[in-house]
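Enquirer: Quick one, model_9.csv (CSV, C-alpha atoms and all ligand atoms):
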```
chain,number,residue,atom,x,y,z
A,1,MET,CA,-12.9,50.3,29.9
A,2,ASN,CA,-9.2,50.3,28.9
A,3,GLU,CA,-6.9,47.9,30.6
A,4,THR,CA,-3.7,49.3,31.9
A,5,LYS,CA,-0.8,47.0,32.3
A,6,TRP,CA,1.9,47.8,34.8
A,7,SER,CA,5.4,46.4,34.9
A,8,LEU,CA,8.1,46.9,37.5
A,9,LEU,CA,11.8,46.8,36.9
A,10,TRP,CA,14.7,47.2,39.3
A,11,SER,CA,17.8,48.5,37.7
A,12,HIS,CA,21.1,47.5,39.4
A,13,ALA,CA,22.9,49.9,37.1
A,14,ASP,CA,21.5,53.1,38.5
A,15,LYS,CA,19.6,51.8,41.5
A,16,HIS,CA,16.2,52.9,40.3
A,17,ILE,CA,12.9,51.2,40.2
A,18,ARG,CA,10.9,51.9,37.1
A,19,PHE,CA,7.2,51.3,36.5
A,20,GLY,CA,6.0,50.9,33.0
A,21,ALA,CA,2.4,51.5,32.0
A,22,SER,CA,0.6,50.7,28.8
A,23,ALA,CA,-3.1,51.2,28.0
A,24,ALA,CA,-4.6,48.5,25.8
A,25,GLY,CA,-7.1,50.9,24.3
A,26,GLY,CA,-4.4,53.0,22.8
A,27,VAL,CA,-5.1,55.9,25.0
A,28,GLY,CA,-1.3,56.3,25.6
A,29,SER,CA,0.6,55.9,28.7
A,30,VAL,CA,0.4,57.8,31.9
A,31,VAL,CA,3.4,60.1,32.5
A,32,ARG,CA,4.0,61.0,36.1
A,33,THR,CA,7.0,60.8,38.3
A,34,ARG,CA,7.2,60.6,42.0
A,35,THR,CA,10.0,60.2,44.4
A,36,GLY,CA,10.7,60.3,48.0
A,37,VAL,CA,10.2,56.7,49.1
A,38,PRO,CA,13.0,56.4,51.6
A,39,HIS,CA,15.2,53.4,51.1
A,40,LYS,CA,16.2,51.4,54.2
A,41,HIS,CA,19.7,52.7,54.0
A,42,GLY,CA,18.7,56.3,53.7
A,43,GLU,CA,18.8,56.5,49.8
A,44,HIS,CA,15.9,57.8,47.8
A,45,LEU,CA,14.3,55.6,45.3
A,46,VAL,CA,13.0,57.3,42.2
A,47,VAL,CA,9.8,55.6,41.0
A,48,CYS,CA,8.9,56.4,37.5
A,49,TYR,CA,5.8,55.7,35.5
A,50,ASP,CA,6.3,55.2,31.8
A,51,GLY,CA,10.1,54.9,32.2
A,52,ARG,CA,10.5,58.7,32.6
A,53,MET,CA,13.1,59.5,35.2
A,54,SER,CA,13.0,62.4,37.5
A,55,GLU,CA,16.4,64.0,37.5
A,56,ASN,CA,18.2,63.9,40.8
A,57,LYS,CA,20.1,67.1,40.1
A,58,ASN,CA,19.5,70.4,42.0
A,59,SER,CA,19.4,73.2,39.5
A,60,GLY,CA,20.0,76.8,40.5
A,61,GLU,CA,16.6,77.5,38.9
A,62,LEU,CA,14.8,75.1,41.1
A,63,GLU,CA,16.5,76.5,44.3
A,64,LYS,CA,15.4,80.0,43.1
A,65,LYS,CA,11.8,78.8,42.7
A,66,ILE,CA,11.8,77.2,46.2
A,67,ARG,CA,13.3,80.4,47.7
A,68,ALA,CA,10.6,82.5,45.9
A,69,ILE,CA,7.9,80.6,47.8
A,70,PHE,CA,9.7,81.5,51.1
A,71,ALA,CA,10.1,85.2,50.1
A,72,THR,CA,7.8,85.8,53.1
A,73,PRO,CA,7.5,83.4,56.1
A,74,GLN,CA,5.2,80.6,55.1
A,75,VAL,CA,2.4,78.9,57.0
A,76,ALA,CA,3.2,75.2,56.7
A,77,ALA,CA,1.4,72.0,57.8
A,78,LEU,CA,4.0,70.2,59.9
A,79,ALA,CA,3.6,66.4,60.4
A,80,THR,CA,5.5,64.7,63.3
A,81,VAL,CA,5.3,61.2,64.6
A,82,THR,CA,3.7,60.5,68.1
A,83,ASP,CA,5.1,58.1,70.7
A,84,GLU,CA,2.5,55.6,69.3
A,85,GLY,CA,4.0,56.0,65.8
A,86,LYS,CA,1.0,57.9,64.5
A,87,PRO,CA,1.1,61.1,62.4
A,88,TRP,CA,0.2,64.5,64.0
A,89,VAL,CA,-0.1,67.6,61.9
A,90,ARG,CA,-0.4,71.3,62.8
A,91,TYR,CA,0.4,74.7,61.3
A,92,VAL,CA,3.8,76.4,61.9
A,93,THR,CA,5.3,79.6,60.4
A,94,VAL,CA,8.4,78.7,58.5
A,95,ARG,CA,11.4,80.6,57.2
A,96,LEU,CA,14.1,79.4,54.8
A,97,SER,CA,17.6,80.1,55.8
A,98,GLU,CA,21.0,79.5,54.3
A,99,GLY,CA,21.8,76.0,53.2
A,100,MET,CA,18.1,75.3,52.5
A,101,MET,CA,17.5,74.9,56.3
A,102,LEU,CA,13.9,75.6,57.5
A,103,LEU,CA,13.3,77.4,60.8
A,104,PHE,CA,10.3,78.0,63.0
A,105,VAL,CA,9.9,79.0,66.6
A,106,THR,CA,7.9,77.2,69.2
A,107,ASP,CA,7.4,76.3,72.8
A,108,ALA,CA,9.9,73.9,74.4
A,109,GLY,CA,7.1,72.2,76.2
A,110,SER,CA,4.9,71.7,73.1
A,111,ARG,CA,3.9,68.3,71.7
A,112,LYS,CA,5.7,68.9,68.5
A,113,VAL,CA,9.0,69.3,70.4
A,114,ALA,CA,8.3,66.1,72.4
A,115,HIS,CA,7.6,64.3,69.1
A,116,ILE,CA,10.7,65.7,67.4
A,117,ARG,CA,12.9,64.7,70.4
A,118,GLY,CA,11.5,61.1,70.2
A,119,ARG,CA,11.5,60.9,66.4
A,120,PRO,CA,13.1,63.6,64.3
A,121,ASP,CA,11.6,62.7,60.9
A,122,VAL,CA,9.1,65.3,59.8
A,123,HIS,CA,7.1,66.3,56.8
A,124,LEU,CA,5.9,69.7,55.8
A,125,VAL,CA,3.6,71.0,53.0
A,126,CYS,CA,3.4,74.7,52.2
A,127,GLY,CA,2.7,77.1,49.4
A,128,SER,CA,-0.8,77.3,47.7
A,129,LEU,CA,-3.3,76.8,50.6
A,130,GLN,CA,-6.7,77.5,49.1
A,131,PRO,CA,-8.2,76.3,45.9
A,132,PRO,CA,-8.5,77.9,43.3
A,133,GLU,CA,-5.2,79.6,44.1
A,134,ASP,CA,-2.7,79.3,41.3
A,135,SER,CA,0.5,79.2,43.2
A,136,ALA,CA,3.2,76.6,43.5
A,137,TYR,CA,3.6,74.4,46.5
A,138,LEU,CA,6.1,72.2,48.2
A,139,GLN,CA,6.2,68.9,49.9
A,140,ILE,CA,9.2,68.6,52.2
A,141,ALA,CA,10.7,65.6,54.0
A,142,GLY,CA,13.5,66.2,56.5
A,143,ARG,CA,14.9,65.8,60.0
A,144,ALA,CA,14.2,68.3,62.7
A,145,GLU,CA,16.2,69.4,65.7
A,146,VAL,CA,15.4,71.7,68.6
A,147,SER,CA,17.8,74.5,69.2
A,148,GLY,CA,18.1,76.8,72.3
A,149,ASP,CA,21.0,78.7,70.7
A,150,PRO,CA,20.7,82.3,72.1
A,151,GLU,CA,21.9,83.9,68.8
A,152,GLU,CA,19.5,82.0,66.7
A,153,LYS,CA,16.6,82.7,69.2
A,154,ARG,CA,17.4,86.5,69.1
A,155,ALA,CA,17.7,86.5,65.2
A,156,LEU,CA,14.1,85.0,65.0
A,157,TRP,CA,12.6,87.1,67.8
A,158,ASN,CA,9.8,89.6,67.1
A,159,GLU,CA,7.7,91.5,69.6
A,160,GLU,CA,4.5,89.7,68.7
A,161,LEU,CA,6.1,86.6,70.3
A,162,ARG,CA,5.7,88.4,73.7
A,163,ARG,CA,2.1,87.0,73.7
A,164,TYR,CA,3.7,83.6,74.3
A,165,PHE,CA,7.2,84.1,75.8
A,166,LYS,CA,8.8,86.5,78.3
A,167,GLY,CA,11.5,87.5,75.8
A,168,PRO,CA,14.2,86.2,73.5
A,169,ASP,CA,16.0,84.6,76.4
A,170,ASP,CA,12.9,82.8,77.8
A,171,PRO,CA,14.0,79.1,78.1
A,172,ASN,CA,10.6,78.0,76.8
A,173,TYR,CA,11.2,79.9,73.5
A,174,VAL,CA,13.1,77.5,71.1
A,175,VAL,CA,13.9,77.3,67.5
A,176,VAL,CA,13.3,74.2,65.4
A,177,ARG,CA,15.6,73.6,62.5
A,178,VAL,CA,14.5,71.2,59.7
A,179,ARG,CA,17.1,70.0,57.4
A,180,PRO,CA,15.3,68.8,54.2
A,181,SER,CA,16.4,65.6,52.6
A,182,LEU,CA,13.8,66.0,49.8
A,183,ILE,CA,11.8,68.9,48.4
A,184,GLU,CA,9.1,68.3,45.8
A,185,TYR,CA,8.2,71.5,44.0
A,186,TYR,CA,4.8,71.5,42.2
A,187,ASP,CA,3.8,74.1,39.7
A,188,PRO,CA,0.1,74.8,39.8
A,189,HIS,CA,-1.9,72.3,37.6
A,190,ASN,CA,1.1,70.0,37.1
A,191,LEU,CA,1.3,66.9,39.2
A,192,THR,CA,4.8,66.1,38.1
A,193,PRO,CA,7.1,67.6,40.8
A,194,GLN,CA,10.6,68.9,40.3
A,195,ILE,CA,12.8,67.3,42.8
A,196,TRP,CA,15.4,68.8,45.1
A,197,THR,CA,17.5,66.5,47.2
A,198,ALA,CA,20.1,67.1,49.8
A,199,LYS,CA,23.6,66.5,48.5
A,201,LIG,C1,-1.5,80.2,60.9
A,201,LIG,C2,-0.9,79.6,62.1
A,201,LIG,C3,0.5,79.6,62.3
A,201,LIG,C4,1.1,79.0,63.4
A,201,LIG,N1,2.5,79.1,63.6
A,201,LIG,C5,3.0,78.5,64.7
A,201,LIG,C6,4.4,78.5,64.9
A,201,LIG,O1,5.2,79.1,64.1
A,201,LIG,N2,4.9,77.9,65.9
A,201,LIG,C7,4.1,77.2,66.8
A,201,LIG,O2,4.6,76.7,67.8
A,201,LIG,N3,2.8,77.2,66.7
A,201,LIG,C8,2.2,77.8,65.6
A,201,LIG,N4,0.8,77.8,65.4
A,201,LIG,C9,0.0,77.0,66.4
A,201,LIG,C10,0.1,75.5,66.1
A,201,LIG,O3,-0.6,75.2,64.9
A,201,LIG,C11,-0.3,74.6,67.2
A,201,LIG,O4,-1.7,74.8,67.5
A,201,LIG,C12,0.5,74.8,68.5
A,201,LIG,O5,1.8,75.1,68.2
A,201,LIG,C13,0.4,73.5,69.3
A,201,LIG,O6,0.9,72.4,68.5
A,201,LIG,P1,1.4,71.0,69.2
A,201,LIG,O7,0.5,70.8,70.4
A,201,LIG,O8,1.2,70.0,68.1
A,201,LIG,O9,2.8,71.2,69.6
A,201,LIG,C14,0.3,78.3,64.3
A,201,LIG,C15,-1.1,78.3,64.1
A,201,LIG,C16,-1.7,78.9,63.0
A,201,LIG,C17,-3.1,78.8,62.8
```
Would you give me this structure, written as structure tokens?
Expert:
Amino acid sequence: MNETKWSLLWSHADKHIRFGASAAGGVGSVVRTRTGVPHKHGEHLVVCYDGRMSENKNSGELEKKIRAIFATPQVAALATVTDEGKPWVRYVTVRLSEGMMLLFVTDAGSRKVAHIRGRPDVHLVCGSLQPPEDSAYLQIAGRAEVSGDPEEKRALWNEELRRYFKGPDDPNYVVVRVRPSLIEYYDPHNLTPQIWTAK
């Protein structure tokens, strides 16, 4: 079996941690990048294998690809944090609005709203749902807030919601906004994400 050696380097110059990997059997080194480990002070550390850095620049192309996934409302798995500090995940139907803000509607009395009010950090995954589907997918980290804004509620209202709410002005009907801090965009069959970060 080939032995892989790992090395870790903290760079003061650009505040990045780098992992280096070398395989003794000459197989070559692993090239994968991952980001999104939140730093204590709210920064994002970029962790790179094989010294390759993931660019922390938002290209218009990347935003277009992210928006293309949200061309129609997307079913997303939304993770919140319970009062006990444990993860809890469920499906929600998400739209992408201006300024890369994610929106979904829900019940003011739901668990997710209680979780978000206690701890607004959330994580979502959406896009390709079923193997062997060949579509891109997203991992999204952000902070959520609950809005009872009447205009926003009306803008997202549709008559199917009458199954759950009396109407657009029902106080139980609320909108959750998620402001992403990090979006990882994955092309199918490529585990190296393209990274979008909030400015
Ligand atoms: C495909 C699908 C889409 C859903 N979309 C929403 C949604 O947009 N908002 C919502 O509150 N619940 C939605 N649900 C129901 C939630 O997954 C969940 O069961 C419910 O909101 C209660 O969650 P909670 O107790 O964690 O708050 C959806 C369920 C499915 C299966």
Enquirer: List the spatial neighbours of Gln74 in chain A as a list in words - criterion: any atom at most 12 Å away, only C-alpha atoms, same-chain residues fewer than 5 positions off excluded.
Expert: Ile66, Arg67, Ala68, Ile69, Tyr91, Val92, Thr93, Val94, Arg95, Leu96, Leu102, Leu103, Phe104, Leu124, Val125, Cys126, Gly127, Ser128, Leu129, Tyr137 and Leu138 of chain A
Enquirer: Using all atoms listed in the file, find each protein or nucleic acid residue lying at most 10 Å from ligand LIG 201 (chain A); present the set as a ChimeraX atom specification.
Expert: /A:73-80,82,88-95,103-116,161,164,173-176
Enquirer: Enter the distance from CA of Pro171 in chain A to CA of Arg154 in chain A, in Å, rounded to one decimal.
Expert: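 CA of Arg154 in chain A lies at a distance of 12.1 Å from CA of Pro171 in chain A.
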Enquirer: Any idea what's packed within 10 Å of Leu62 in chain A, counting all atoms listed in the file, ignoring anything in its chain fewer than 6 positions away? Could you give it as JSON, numbers by chain?
Expert: {"A": [68, 185, 194, 195, 196]}
Enquirer: Could you check how far CA of Ala71 in chain A sits from CA of Ser147 in chain A, in Å to one decimal?
Expert: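 If I compute the distance from CA of Ala71 in chain A to CA of Ser147 in chain A, I get 23.2 Å.
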Enquirer: Using only C-alpha atoms for the distances, tell me which of A:Gly99, A:Arg162, A:His123, A:Glu61 is nearest to Gln139 in chain A.
Expert: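 That would be A:His123, the residue with the smallest distance to Gln139 in chain A.
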Enquirer: Show which residues sit within 10 Å of Ala141 in chain A, as a ChimeraX atom specification. Count all atoms listed in the file, and ignore same-chain residues fewer than 5 positions away.
Expert: /A:36,38,79,121-125,178-184,197
Enquirer: Between CA of Met100 in chain A and CA of Ile140 in chain A, what distance in Å does the model show, to one decimal?
Expert: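 These two atoms are separated by 11.1 Å.
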Enquirer: Skip Arg117 in chain A itself and residues of its chain fewer than 6 positions away, then list as a list in words all residues within 10 Å of it, counting all atoms listed in the file.
Expert: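 Near neighbours after the sequence-gap exclusion: Arg111, Ala144, Glu145 and Val146 of chain A.
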Enquirer: Report as a list of chain:residue names all protein, DNA and RNA residues lying within 8 Å of Asp187 in chain A, evaluated on all atoms listed in the file, omitting residues in the same chain fewer than 4 positions from it.
Expert: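 Residues near the query, excluding close chain neighbours: A:Ser135, A:Ala136, A:Tyr137, A:Leu191, A:Pro193.
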